[in-house]
>>> print(open('final-v2.tsv').read())   # TSV, C-alpha atoms and all ligand atoms
chain	number	residue	atom	x	y	z
A	5	MET	CA	54.22	29.49	-1.82
A	6	LYS	CA	51.84	29.21	-4.75
A	7	ALA	CA	50.34	32.34	-6.29
A	8	ILE	CA	48.46	33.16	-9.47
A	9	VAL	CA	50.62	35.66	-11.29
A	10	LEU	CA	49.49	37.93	-14.12
A	11	ARG	CA	52.45	38.61	-16.43
A	12	LYS	CA	50.53	40.00	-19.41
A	13	HIS	CA	47.11	41.62	-19.77
A	14	GLY	CA	44.54	39.69	-21.74
A	15	ASN	CA	42.58	36.44	-21.59
A	16	VAL	CA	42.36	33.90	-18.75
A	17	GLU	CA	45.37	31.93	-20.00
A	18	ASN	CA	47.49	34.77	-18.64
A	19	LEU	CA	46.57	33.73	-15.09
A	20	GLN	CA	49.33	31.27	-14.22
A	21	ILE	CA	50.09	29.39	-11.01
A	22	ARG	CA	53.71	30.04	-9.99
A	23	GLU	CA	55.97	29.43	-6.97
A	24	ILE	CA	56.94	32.80	-5.50
A	25	ALA	CA	58.72	33.88	-2.32
A	26	GLU	CA	56.56	34.05	0.80
A	27	PRO	CA	55.92	37.72	1.68
A	28	GLN	CA	57.21	38.93	5.07
A	29	PRO	CA	55.20	41.37	7.20
A	30	GLY	CA	56.86	44.73	7.85
A	31	SER	CA	56.04	47.20	10.59
A	32	GLY	CA	52.27	47.58	11.05
A	33	GLU	CA	51.52	44.58	8.83
A	34	VAL	CA	50.19	41.05	9.26
A	35	ARG	CA	50.59	37.94	7.11
A	36	VAL	CA	47.53	35.80	6.51
A	37	LYS	CA	47.46	32.17	5.40
A	38	LEU	CA	44.46	32.20	3.10
A	39	GLN	CA	41.68	29.61	3.02
A	40	ALA	CA	39.56	31.35	0.39
A	41	ILE	CA	39.56	34.17	-2.16
A	42	GLY	CA	36.54	36.28	-3.17
A	43	LEU	CA	36.27	37.21	-6.85
A	44	ASN	CA	35.34	40.71	-7.94
A	45	TYR	CA	34.37	42.02	-11.36
A	46	ALA	CA	37.19	44.58	-11.16
A	47	GLU	CA	39.66	41.66	-11.36
A	48	ILE	CA	38.30	40.76	-14.81
A	49	GLN	CA	38.90	44.37	-15.85
A	50	SER	CA	42.32	44.31	-14.16
A	51	ARG	CA	43.32	41.12	-16.01
A	52	LYS	CA	42.42	42.85	-19.29
A	53	GLY	CA	44.41	45.97	-18.37
A	54	LEU	CA	41.30	48.12	-17.91
A	55	TYR	CA	41.55	48.82	-14.17
A	56	GLY	CA	43.07	52.15	-13.22
A	57	TRP	CA	44.08	51.07	-9.68
A	58	ALA	CA	46.15	48.05	-10.75
A	59	PRO	CA	49.92	47.93	-10.09
A	60	LYS	CA	52.54	47.39	-12.81
A	61	LEU	CA	52.91	43.89	-14.35
A	62	PRO	CA	53.74	41.25	-13.27
A	63	TYR	CA	51.50	41.10	-10.19
A	64	VAL	CA	49.20	38.88	-8.20
A	65	LEU	CA	45.52	39.79	-8.62
A	66	GLY	CA	42.97	39.55	-5.83
A	67	MET	CA	41.19	42.05	-3.60
A	68	GLU	CA	39.78	39.91	-0.85
A	69	GLY	CA	40.73	36.85	1.11
A	70	PHE	CA	39.88	34.99	4.27
A	71	GLY	CA	42.21	33.00	6.52
A	72	GLN	CA	44.31	32.93	9.67
A	73	ILE	CA	47.10	35.29	10.69
A	74	ASP	CA	50.38	33.34	10.70
A	75	ALA	CA	52.94	36.15	11.22
A	76	ILE	CA	52.90	39.66	12.62
A	77	GLY	CA	55.24	42.62	12.10
A	78	GLU	CA	56.22	45.24	14.70
A	79	ASP	CA	53.66	47.77	15.94
A	80	VAL	CA	50.64	45.53	15.58
A	81	GLU	CA	48.54	45.70	18.75
A	82	ASN	CA	45.10	44.30	18.08
A	83	HIS	CA	45.87	41.12	16.13
A	84	SER	CA	47.37	37.79	17.19
A	85	VAL	CA	48.72	34.79	15.32
A	86	GLY	CA	45.79	32.40	14.79
A	87	ASP	CA	43.11	35.12	14.45
A	88	HIS	CA	40.67	34.56	11.59
A	89	VAL	CA	40.48	37.67	9.41
A	90	ILE	CA	39.06	38.99	6.15
A	91	THR	CA	41.72	40.78	4.07
A	92	VAL	CA	40.93	43.66	1.74
A	93	ALA	CA	43.54	45.11	-0.62
A	94	GLN	CA	43.91	46.33	-4.19
A	95	PHE	CA	45.77	43.14	-5.22
A	96	GLY	CA	47.68	40.12	-3.85
A	97	ALA	CA	44.94	37.70	-2.69
A	98	TYR	CA	45.29	35.06	-5.45
A	99	ALA	CA	47.94	33.37	-3.32
A	100	GLU	CA	48.46	31.00	-0.42
A	101	LYS	CA	49.54	33.93	1.77
A	102	ILE	CA	49.10	37.69	1.69
A	103	VAL	CA	50.62	40.54	3.71
A	104	VAL	CA	48.33	43.48	4.45
A	105	PRO	CA	48.45	46.54	6.73
A	106	LYS	CA	46.83	45.71	10.09
A	107	THR	CA	43.88	47.98	9.28
A	108	GLN	CA	43.09	45.86	6.19
A	109	ALA	CA	42.76	42.63	8.19
A	110	LEU	CA	39.16	42.83	9.39
A	111	PRO	CA	37.86	40.50	12.11
A	112	ALA	CA	36.03	37.43	10.76
A	113	ILE	CA	32.30	37.28	11.35
A	114	THR	CA	32.22	34.36	13.75
A	115	TYR	CA	28.87	32.85	12.74
A	116	TYR	CA	29.66	32.96	8.97
A	117	SER	CA	31.26	30.02	7.12
A	118	VAL	CA	34.62	30.41	5.35
A	119	THR	CA	32.91	31.15	2.03
A	120	GLU	CA	30.42	33.60	3.58
A	121	ASN	CA	33.30	35.49	5.23
A	122	VAL	CA	35.22	35.82	1.99
A	123	ALA	CA	32.04	36.88	0.17
A	124	PHE	CA	31.31	39.73	2.54
A	125	ALA	CA	33.72	42.64	2.74
A	126	VAL	CA	33.99	44.13	-0.76
A	127	GLN	CA	30.44	43.60	-1.93
A	128	TYR	CA	28.67	44.67	1.28
A	129	MET	CA	30.94	47.66	1.95
A	130	THR	CA	30.41	48.79	-1.66
A	131	ALA	CA	26.64	48.41	-1.45
A	132	TRP	CA	26.55	50.03	2.00
A	133	VAL	CA	28.61	53.08	1.06
A	134	GLY	CA	26.67	53.55	-2.20
A	135	LEU	CA	23.23	53.27	-0.64
A	136	PHE	CA	23.65	54.66	2.87
A	137	GLU	CA	26.59	57.09	2.73
A	138	VAL	CA	26.25	58.50	-0.80
A	139	CYS	CA	22.50	58.12	-1.45
A	140	ARG	CA	21.47	58.68	2.20
A	141	LEU	CA	18.86	55.92	1.88
A	142	LYS	CA	15.52	56.38	3.68
A	143	PRO	CA	13.13	53.53	4.51
A	144	THR	CA	10.45	55.24	2.39
A	145	ASP	CA	12.61	55.13	-0.76
A	146	THR	CA	11.88	53.08	-3.85
A	147	VAL	CA	15.21	51.67	-5.01
A	148	LEU	CA	16.43	50.20	-8.30
A	149	ILE	CA	19.51	47.94	-8.22
A	150	GLN	CA	21.26	47.27	-11.55
A	151	ALA	CA	22.82	43.76	-11.95
A	152	ALA	CA	20.76	42.72	-8.93
A	153	ALA	CA	21.71	39.02	-9.04
A	154	GLY	CA	25.48	39.66	-8.87
A	155	GLY	CA	27.79	39.95	-5.88
A	156	VAL	CA	27.22	43.63	-5.08
A	157	GLY	CA	23.65	43.39	-6.42
A	158	THR	CA	22.46	40.68	-4.03
A	159	ALA	CA	24.12	42.50	-1.13
A	160	ALA	CA	22.38	45.76	-2.08
A	161	VAL	CA	18.98	44.06	-2.40
A	162	GLN	CA	19.35	42.49	1.06
A	163	LEU	CA	20.49	45.73	2.73
A	164	ALA	CA	17.81	47.94	1.16
A	165	LYS	CA	15.03	45.40	1.85
A	166	ALA	CA	16.11	45.00	5.48
A	167	PHE	CA	16.03	48.82	5.84
A	168	GLY	CA	12.37	48.83	4.77
A	169	CYS	CA	12.65	50.15	1.19
A	170	ARG	CA	10.65	48.96	-1.83
A	171	VAL	CA	13.34	47.33	-3.95
A	172	PHE	CA	13.45	46.52	-7.66
A	173	GLY	CA	16.27	45.06	-9.70
A	174	THR	CA	17.42	44.31	-13.23
A	175	VAL	CA	18.97	41.03	-14.37
A	176	GLY	CA	20.06	39.50	-17.67
A	177	SER	CA	18.28	36.11	-17.44
A	178	ASP	CA	15.21	34.39	-15.98
A	179	HIS	CA	17.46	32.11	-13.91
A	180	LYS	CA	18.89	35.21	-12.22
A	181	LYS	CA	15.35	36.47	-11.63
A	182	THR	CA	14.66	33.49	-9.36
A	183	VAL	CA	17.81	34.21	-7.31
A	184	VAL	CA	16.71	37.75	-6.44
A	185	GLU	CA	13.07	36.80	-5.96
A	186	ASN	CA	14.31	34.43	-3.25
A	187	LEU	CA	15.75	37.48	-1.45
A	188	GLY	CA	12.27	39.00	-1.20
A	189	ILE	CA	12.72	41.71	-3.87
A	190	ASP	CA	9.52	43.59	-4.78
A	191	GLY	CA	10.01	43.31	-8.54
A	192	VAL	CA	12.69	42.13	-10.95
A	193	ILE	CA	13.10	42.92	-14.64
A	194	ASN	CA	14.89	40.81	-17.24
A	195	TYR	CA	16.26	43.64	-19.39
A	196	ARG	CA	16.90	41.27	-22.30
A	197	LYS	CA	13.14	40.74	-22.60
A	198	GLN	CA	11.77	44.15	-21.59
A	199	ASP	CA	12.90	47.76	-21.68
A	200	PHE	CA	13.89	48.08	-18.01
A	201	ALA	CA	12.98	51.77	-17.68
A	202	ALA	CA	9.47	51.38	-19.16
A	203	GLU	CA	8.87	48.23	-17.09
A	204	MET	CA	10.13	49.95	-13.93
A	205	ARG	CA	7.57	52.73	-14.39
A	206	ARG	CA	4.82	50.20	-15.08
A	207	LEU	CA	5.68	48.28	-11.90
A	208	ASN	CA	5.64	51.52	-9.90
A	209	SER	CA	2.26	52.81	-11.14
A	210	GLY	CA	3.82	55.19	-13.66
A	211	ASN	CA	6.32	56.70	-11.18
A	212	GLY	CA	10.11	56.71	-11.28
A	213	VAL	CA	12.39	55.69	-8.41
A	214	ASP	CA	14.12	57.53	-5.55
A	215	VAL	CA	17.48	55.76	-5.60
A	216	VAL	CA	19.47	53.87	-8.27
A	217	LEU	CA	22.61	51.80	-7.68
A	218	GLU	CA	24.28	51.91	-11.12
A	219	VAL	CA	27.06	49.52	-12.19
A	220	VAL	CA	26.87	49.39	-16.00
A	221	GLY	CA	27.32	52.82	-17.64
A	222	GLY	CA	26.28	53.92	-21.17
A	223	GLU	CA	22.61	53.62	-22.09
A	224	VAL	CA	21.79	51.99	-18.73
A	225	PHE	CA	23.19	55.03	-16.89
A	226	ARG	CA	21.26	57.47	-19.12
A	227	LYS	CA	17.96	55.61	-18.73
A	228	SER	CA	18.50	55.28	-14.97
A	229	LEU	CA	18.98	59.05	-14.65
A	230	ALA	CA	15.74	59.65	-16.53
A	231	LEU	CA	13.94	57.39	-14.03
A	232	LEU	CA	14.84	59.48	-10.98
A	233	ASN	CA	12.00	61.17	-9.07
A	234	PRO	CA	12.50	64.72	-7.77
A	235	PHE	CA	15.06	64.56	-4.90
A	236	GLY	CA	16.18	61.22	-6.33
A	237	ARG	CA	19.79	60.01	-5.92
A	238	LEU	CA	21.87	57.86	-8.25
A	239	VAL	CA	25.24	56.43	-7.31
A	240	VAL	CA	27.68	55.11	-9.91
A	241	ILE	CA	29.76	52.30	-8.45
A	242	GLY	CA	30.78	50.43	-11.59
A	243	PHE	CA	31.24	50.58	-15.35
A	244	ALA	CA	30.70	46.93	-16.39
A	245	SER	CA	29.88	47.82	-20.01
A	246	LEU	CA	33.17	49.64	-20.65
A	247	ASN	CA	35.47	47.45	-22.73
A	248	LEU	CA	38.21	49.65	-24.16
A	249	LYS	CA	40.42	48.21	-26.90
A	250	LYS	CA	43.25	50.71	-26.74
A	251	TRP	CA	44.25	50.97	-30.42
A	252	ASN	CA	40.74	50.74	-31.87
A	253	PRO	CA	39.16	54.17	-32.64
A	254	VAL	CA	35.59	52.76	-32.65
A	255	SER	CA	36.14	51.22	-29.24
A	256	ILE	CA	37.65	54.48	-27.93
A	257	TYR	CA	34.60	56.39	-29.20
A	258	ARG	CA	32.17	53.85	-27.65
A	259	THR	CA	34.02	53.93	-24.33
A	260	LEU	CA	34.03	57.73	-24.19
A	261	ARG	CA	30.27	57.74	-24.93
A	262	ALA	CA	29.60	55.12	-22.25
A	263	ILE	CA	31.38	56.94	-19.40
A	264	PRO	CA	28.67	58.44	-17.17
A	265	ARG	CA	28.35	62.23	-17.44
A	266	VAL	CA	25.86	64.69	-16.02
A	267	ASN	CA	24.41	68.00	-17.07
A	268	ILE	CA	24.02	70.20	-14.00
A	269	SER	CA	21.24	72.34	-15.47
A	270	LYS	CA	19.20	69.23	-16.28
A	271	MET	CA	19.82	68.01	-12.74
A	272	ALA	CA	18.56	71.33	-11.40
A	273	GLU	CA	15.42	71.22	-13.57
A	274	ARG	CA	14.34	67.94	-11.96
A	275	SER	CA	16.22	68.32	-8.63
A	276	TYR	CA	18.15	65.11	-8.34
A	277	ALA	CA	21.66	64.16	-7.24
A	278	VAL	CA	24.36	61.97	-8.76
A	279	GLY	CA	27.28	60.52	-6.81
A	280	ALA	CA	29.96	57.92	-7.23
A	281	SER	CA	32.13	55.86	-4.96
A	282	HIS	CA	35.09	53.49	-5.01
A	283	LEU	CA	36.29	51.33	-2.13
A	284	GLY	CA	39.94	52.17	-2.87
A	285	TYR	CA	39.63	55.43	-0.94
A	286	LEU	CA	38.46	53.54	2.16
A	287	LEU	CA	41.69	51.54	2.28
A	288	LYS	CA	43.57	54.82	2.55
A	289	ASN	CA	41.35	56.06	5.37
A	290	PRO	CA	41.33	53.41	8.14
A	291	LYS	CA	39.19	55.54	10.47
A	292	LEU	CA	36.45	55.87	7.87
A	293	MET	CA	36.71	52.18	6.96
A	294	GLN	CA	36.33	51.24	10.62
A	295	GLN	CA	33.21	53.38	10.92
A	296	VAL	CA	31.68	51.81	7.77
A	297	TRP	CA	32.64	48.32	8.99
A	298	THR	CA	31.05	48.85	12.42
A	299	ASP	CA	27.80	50.30	11.01
A	300	LEU	CA	27.59	47.55	8.38
A	301	THR	CA	28.36	44.58	10.60
A	302	ASP	CA	25.94	45.82	13.29
A	303	PHE	CA	23.23	46.08	10.61
A	304	VAL	CA	23.79	42.62	9.10
A	305	ARG	CA	23.87	41.05	12.56
A	306	LYS	CA	20.63	42.78	13.54
A	307	HIS	CA	18.87	41.70	10.33
A	308	ASN	CA	20.47	38.26	10.09
A	309	ILE	CA	21.81	38.92	6.58
A	310	ARG	CA	24.09	36.29	5.03
A	311	PRO	CA	26.00	36.61	1.74
A	312	VAL	CA	24.73	34.73	-1.30
A	313	VAL	CA	27.60	32.45	-2.34
A	314	GLY	CA	26.69	31.31	-5.83
A	315	HIS	CA	29.74	29.33	-6.97
A	316	SER	CA	32.84	27.77	-5.45
A	317	PHE	CA	36.03	26.74	-7.26
A	318	LYS	CA	39.40	25.27	-6.27
A	319	PHE	CA	42.66	27.28	-6.49
A	320	ASP	CA	43.77	25.53	-9.70
A	321	GLN	CA	40.38	26.37	-11.29
A	322	MET	CA	40.88	30.14	-11.20
A	323	THR	CA	40.64	30.40	-15.00
A	324	ALA	CA	37.21	28.68	-14.89
A	325	ALA	CA	36.11	31.08	-12.13
A	326	HIS	CA	37.18	34.09	-14.25
A	327	LYS	CA	35.44	32.67	-17.33
A	328	LEU	CA	32.22	32.25	-15.36
A	329	MET	CA	32.27	35.82	-14.09
A	330	GLU	CA	33.04	37.17	-17.57
A	331	SER	CA	30.20	35.09	-19.08
A	332	ARG	CA	27.65	37.10	-17.04
A	333	GLN	CA	26.03	33.83	-15.96
A	334	SER	CA	27.17	33.92	-12.33
A	335	THR	CA	24.85	34.71	-9.43
A	336	GLY	CA	25.87	35.99	-6.01
A	337	LYS	CA	29.54	35.73	-5.12
A	338	ILE	CA	32.14	33.51	-6.82
A	339	VAL	CA	34.64	32.16	-4.30
A	340	VAL	CA	37.84	30.15	-4.74
A	341	GLU	CA	38.87	27.84	-1.90
A	342	ILE	CA	42.50	27.04	-1.11
A	343	ASP	CA	43.59	23.67	0.20
A	344	ASN	CA	46.35	25.23	2.29
A	345	GLU	CA	47.48	22.50	4.73
A	401	LIG	N1	32.94	51.07	-6.52
A	401	LIG	C1	33.52	50.03	-5.95
A	401	LIG	O1	34.32	50.18	-5.04
A	401	LIG	C2	33.15	48.66	-6.42
A	401	LIG	C3	33.50	47.54	-5.64
A	401	LIG	C4	33.07	46.28	-6.08
A	401	LIG	C5	32.37	46.18	-7.28
A	401	LIG	N2	32.10	47.30	-8.01
A	401	LIG	C6	31.37	47.22	-9.29
A	401	LIG	O2	30.10	46.65	-9.03
A	401	LIG	C7	29.70	45.88	-10.15
A	401	LIG	C8	29.36	44.48	-9.70
A	401	LIG	O3	30.56	43.84	-9.25
A	401	LIG	P1	30.55	42.31	-8.80
A	401	LIG	O4	31.96	41.99	-8.51
A	401	LIG	O5	29.52	42.12	-7.77
A	401	LIG	O6	30.16	41.55	-10.16
A	401	LIG	P2	28.79	40.81	-10.54
A	401	LIG	O7	27.66	41.76	-10.39
A	401	LIG	O8	28.72	39.53	-9.78
A	401	LIG	O9	29.04	40.48	-12.08
A	401	LIG	C9	28.92	41.49	-13.04
A	401	LIG	C10	27.48	41.54	-13.61
A	401	LIG	O10	27.29	42.79	-14.25
A	401	LIG	C11	26.20	42.66	-15.14
A	401	LIG	N3	26.41	43.40	-16.38
A	401	LIG	C12	25.55	44.29	-16.88
A	401	LIG	N4	26.02	44.78	-18.02
A	401	LIG	C13	27.20	44.21	-18.25
A	401	LIG	C14	28.16	44.31	-19.30
A	401	LIG	N5	27.96	45.13	-20.36
A	401	LIG	N6	29.25	43.55	-19.23
A	401	LIG	C15	29.46	42.72	-18.19
A	401	LIG	N7	28.58	42.60	-17.15
A	401	LIG	C16	27.47	43.32	-17.20
A	401	LIG	C17	26.04	41.16	-15.43
A	401	LIG	O11	24.80	40.76	-14.84
A	401	LIG	P3	23.43	40.87	-15.70
A	401	LIG	O12	23.73	40.29	-17.05
A	401	LIG	O13	22.44	40.09	-14.90
A	401	LIG	O14	23.12	42.33	-15.77
A	401	LIG	C18	27.20	40.52	-14.70
A	401	LIG	O15	26.89	39.22	-14.22
A	401	LIG	C19	30.85	45.93	-11.16
A	401	LIG	O16	30.57	46.96	-12.10
A	401	LIG	C20	32.03	46.31	-10.31
A	401	LIG	O17	33.05	46.95	-11.01
A	401	LIG	C21	32.48	48.52	-7.59
>>> encode(input="final-v2.tsv", output="structure tokens", more="lines below")
Ligand SMILES: NC(=O)c1ccc[n+]([C@@H]2O[C@H](COP(=O)([O-])OP(=O)(O)OC[C@H]3O[C@@H](n4cnc5c(N)ncnc54)[C@H](OP(=O)(O)O)[C@@H]3O)[C@@H](O)[C@H]2O)c1
Amino acid sequence: MKAIVLRKHGNVENLQIREIAEPQPGSGEVRVKLQAIGLNYAEIQSRKGLYGWAPKLPYVLGMEGFGQIDAIGEDVENHSVGDHVITVAQFGAYAEKIVVPKTQALPAITYYSVTENVAFAVQYMTAWVGLFEVCRLKPTDTVLIQAAAGGVGTAAVQLAKAFGCRVFGTVGSDHKKTVVENLGIDGVINYRKQDFAAEMRRLNSGNGVDVVLEVVGGEVFRKSLALLNPFGRLVVIGFASLNLKKWNPVSIYRTLRAIPRVNISKMAERSYAVGASHLGYLLKNPKLMQQVWTDLTDFVRKHNIRPVVGHSFKFDQMTAAHKLMESRQSTGKIVVEIDNE
């Protein structure tokens, strides 16, 4: 089968299509013939060697896929060959087929298209856990979403709006502003034109916000903390600004400065909370993942939420898909479709 193998960390040219042996499902595993792959920012960091959860080189990148089960190992009760499923894993989805534990093959959402299915699991589970489990979102909250036009960002805007919150977001271009305005956001700030923290206060009559979903780190993290109201909650779910060049002392210094840190006595003075979350732990805890999946899918069904698929590429255009995500010009989810007949 064809797979996109990463042999060396670095630029997109290191993503190469290769013939590799088809994986075989072991006990408790299923094999899925993939129709589409969902891109995630962590894969850009993984390609560059900056992702702590990546396996040793060489490996096949890819955290999420969508397709049909075509083989089943022993001890698999609730799946059958032919079932449409969404796969979530730390790696392995940039391929025609992937083997995952049965608990990481989630049932397709029947009324979603192929691209909507593959755009769903990682970004909505991340946004859901950050907002509802860590920040304990309330409908009365005013929420600020960083990188609001991106994959996780658009999901978070939709979920918080549907819950009844007042929702604001930051974006890096006016084109992206339109994308989130179309989701019914209450206010959106182009941080390249305005200081986002000052503008956020202006938009909210001089007040701060109750909840921040933070994905950038560095100055953005520090300014976001300063925006929190008493009893406010901030969740760190990403570090998009971190770009460590391992043998460069200036880069090491900048990276260390950009990693989010808190001062407990300052938190006590203003009474706010800071949390963080990473989906990797959910993969290791199938019971918890099932609970999150059930709560999330019930909610999106009830509120008729559909993923924003911004861009679609073919399998042999993976380098272009990576370049687009790295350029910071993408909106919504980037998906890669596989012609897998
Ligand atoms: N915790 C988890 O389990 C988990 C799971 C999935 C994703 N994430 C994190 O969530 C964030 C969004 O992921 P995504 O896959 O949906 O990507 P994305 O938001 O579609 O793309 C990344 C966006 O981040 C914004 N950004 C802000 N500052 C940046 C910087 N210094 N360098 C690069 N990008 C910057 C850019 O938008 P603007 O220019 O408009 O700001 C860019 O388009 C990432 O930080 C990712 O690591 C975490």
>>> residues_near_ligand(input="final-v2.tsv", ligand="ligand LIG 401 (chain A)", cutoff="7 Å", atoms="all atoms listed in the file", output="CSV table (one decimal) with C-alpha atoms, in the frame of the given file")
chain,number,residue,atom,x,y,z
A,43,LEU,CA,36.3,37.2,-6.8
A,44,ASN,CA,35.3,40.7,-7.9
A,45,TYR,CA,34.4,42.0,-11.4
A,46,ALA,CA,37.2,44.6,-11.2
A,126,VAL,CA,34.0,44.1,-0.8
A,127,GLN,CA,30.4,43.6,-1.9
A,130,THR,CA,30.4,48.8,-1.7
A,150,GLN,CA,21.3,47.3,-11.6
A,151,ALA,CA,22.8,43.8,-12.0
A,152,ALA,CA,20.8,42.7,-8.9
A,153,ALA,CA,21.7,39.0,-9.0
A,154,GLY,CA,25.5,39.7,-8.9
A,155,GLY,CA,27.8,40.0,-5.9
A,156,VAL,CA,27.2,43.6,-5.1
A,157,GLY,CA,23.6,43.4,-6.4
A,174,THR,CA,17.4,44.3,-13.2
A,175,VAL,CA,19.0,41.0,-14.4
A,176,GLY,CA,20.1,39.5,-17.7
A,177,SER,CA,18.3,36.1,-17.4
A,180,LYS,CA,18.9,35.2,-12.2
A,219,VAL,CA,27.1,49.5,-12.2
A,220,VAL,CA,26.9,49.4,-16.0
A,241,ILE,CA,29.8,52.3,-8.4
A,242,GLY,CA,30.8,50.4,-11.6
A,243,PHE,CA,31.2,50.6,-15.4
A,244,ALA,CA,30.7,46.9,-16.4
A,245,SER,CA,29.9,47.8,-20.0
A,246,LEU,CA,33.2,49.6,-20.6
A,281,SER,CA,32.1,55.9,-5.0
A,282,HIS,CA,35.1,53.5,-5.0
A,283,LEU,CA,36.3,51.3,-2.1
A,284,GLY,CA,39.9,52.2,-2.9
A,329,MET,CA,32.3,35.8,-14.1
A,330,GLU,CA,33.0,37.2,-17.6
A,332,ARG,CA,27.6,37.1,-17.0
A,333,GLN,CA,26.0,33.8,-16.0
A,334,SER,CA,27.2,33.9,-12.3
A,335,THR,CA,24.8,34.7,-9.4
A,336,GLY,CA,25.9,36.0,-6.0
A,337,LYS,CA,29.5,35.7,-5.1
>>> residues_around(input="final-v2.tsv", residues="A:Gln28", least_positions_apart="5", cutoff="9 Å", atoms="all atoms listed in the file", output="PyMOL selection string")
chain A and resi 33-35+75-77+102-103
>>> atom_distance(input="final-v2.tsv", atom1="atom CA of A:Glu68", atom2="atom CA of A:Ala93")
6.4 Å
>>> closest_residue(input="final-v2.tsv", among="A:Arg170, A:Val339, A:Ile113, A:Gly30", to="A:Val312", atoms="all atoms listed in the file")
A:Val339
>>> residues_around(input="final-v2.tsv", residues="stretch 250-257 of chain A", least_positions_apart="3", cutoff="12 Å", atoms="only C-alpha atoms", output="list in words")
Lys52, Gly53, Leu54, Gly222, Ser245, Leu246, Asn247, Leu260, Arg261, Ala262 and Ile263 of chain A
>>> closest_residue(input="final-v2.tsv", among="A:Leu141, A:Ile24, A:Leu19, A:Met204", to="A:Lys6", atoms="only C-alpha atoms")
A:Ile24
>>> closest_residue(input="final-v2.tsv", among="A:Val304, A:Val340, A:Ala159, A:Val215", to="A:Val278", atoms="all atoms listed in the file")
A:Val215
>>> atom_distance(input="final-v2.tsv", atom1="atom CA of A:His326", atom2="atom CA of A:Thr119")
17.1 Å
>>> residues_near_point(input="final-v2.tsv", point="(52.9, 29.6, -8.2)", cutoff="8 Å", atoms="all atoms listed in the file", output="ChimeraX atom specification")
/A:5-9,20-24,99
>>> closest_residue(input="final-v2.tsv", among="A:Glu81, A:Glu26, A:Asp302, A:Glu341", to="A:Gln321", atoms="all atoms listed in the file")
A:Glu341
>>> atom_distance(input="final-v2.tsv", atom1="atom CA of A:Ile73", atom2="atom CA of A:Leu10")
25.1 Å
>>> residues_around(input="final-v2.tsv", residues="A:Asn15", least_positions_apart="2", cutoff="10 Å", atoms="only C-alpha atoms", output="compact mmCIF listing (two decimals) with C-alpha atoms, in the frame of the given file")
# COMPACT_ATOMS: atom_id res chain seq x y z
CA LYS A 12 50.53 40.00 -19.41
CA HIS A 13 47.11 41.62 -19.77
CA GLU A 17 45.37 31.93 -20.00
CA ASN A 18 47.49 34.77 -18.64
CA LEU A 19 46.57 33.73 -15.09
CA ILE A 48 38.30 40.76 -14.81
CA ARG A 51 43.32 41.12 -16.01
CA LYS A 52 42.42 42.85 -19.29
CA THR A 323 40.64 30.40 -15.00
CA HIS A 326 37.18 34.09 -14.25
CA LYS A 327 35.44 32.67 -17.33
>>> closest_residue(input="final-v2.tsv", among="A:Gly56, A:Gly32, A:Gly71, A:Pro234", to="A:Val118", atoms="only C-alpha atoms")
A:Gly71
>>> residues_around(input="final-v2.tsv", residues="A:Thr107", least_positions_apart="2", cutoff="9 Å", atoms="all atoms listed in the file", output="PyMOL selection string")
chain A and resi 32-33+104-105+109-110+287+290-291+293-294
>>> write_last_selection(input="final-v2.tsv", atoms="C-alpha atoms", output="PDB file, in the frame of the given file")
ATOM      1  CA  GLY A  32      52.270  47.580  11.050  1.00  0.00           C
ATOM      2  CA  GLU A  33      51.520  44.580   8.830  1.00  0.00           C
ATOM      3  CA  VAL A 104      48.330  43.480   4.450  1.00  0.00           C
ATOM      4  CA  PRO A 105      48.450  46.540   6.730  1.00  0.00           C
ATOM      5  CA  ALA A 109      42.760  42.630   8.190  1.00  0.00           C
ATOM      6  CA  LEU A 110      39.160  42.830   9.390  1.00  0.00           C
ATOM      7  CA  LEU A 287      41.690  51.540   2.280  1.00  0.00           C
ATOM      8  CA  PRO A 290      41.330  53.410   8.140  1.00  0.00           C
ATOM      9  CA  LYS A 291      39.190  55.540  10.470  1.00  0.00           C
ATOM     10  CA  MET A 293      36.710  52.180   6.960  1.00  0.00           C
ATOM     11  CA  GLN A 294      36.330  51.240  10.620  1.00  0.00           C
TER      12      GLN A 294
END
>>> closest_residue(input="final-v2.tsv", among="A:His179, A:Pro264, A:Cys169, A:Ala277", to="A:Glu218", atoms="all atoms listed in the file")
A:Pro264
>>> residues_around(input="final-v2.tsv", residues="A:Thr301", least_positions_apart="4", cutoff="10 Å", atoms="all atoms listed in the file", output="list in words")
Ile113, Phe124, Ala125, Tyr128, Met129, Val296, Trp297, Arg305, Lys306, His307 and Ile309 of chain A
>>> build_atoms(input="final-v2.tsv", residues="stretch 152-156 of chain A", atoms="N, CA and C atoms", output="mmCIF file, in the coordinates of the input")
data_model
loop_
_atom_site.group_PDB
_atom_site.id
_atom_site.type_symbol
_atom_site.label_atom_id
_atom_site.label_comp_id
_atom_site.auth_asym_id
_atom_site.auth_seq_id
_atom_site.Cartn_x
_atom_site.Cartn_y
_atom_site.Cartn_z
ATOM 1 N N ALA A 152 21.206 43.066 -10.289
ATOM 2 C CA ALA A 152 20.760 42.720 -8.930
ATOM 3 C C ALA A 152 21.142 41.316 -8.491
ATOM 4 N N ALA A 153 21.405 40.415 -9.430
ATOM 5 C CA ALA A 153 21.710 39.020 -9.040
ATOM 6 C C ALA A 153 23.203 38.804 -8.790
ATOM 7 N N GLY A 154 24.025 39.831 -9.008
ATOM 8 C CA GLY A 154 25.480 39.660 -8.870
ATOM 9 C C GLY A 154 25.926 39.796 -7.421
ATOM 10 N N GLY A 155 27.236 39.858 -7.229
ATOM 11 C CA GLY A 155 27.790 39.950 -5.880
ATOM 12 C C GLY A 155 27.320 41.206 -5.167
ATOM 13 N N VAL A 156 27.650 42.369 -5.715
ATOM 14 C CA VAL A 156 27.220 43.630 -5.080
ATOM 15 C C VAL A 156 25.699 43.734 -5.131
#
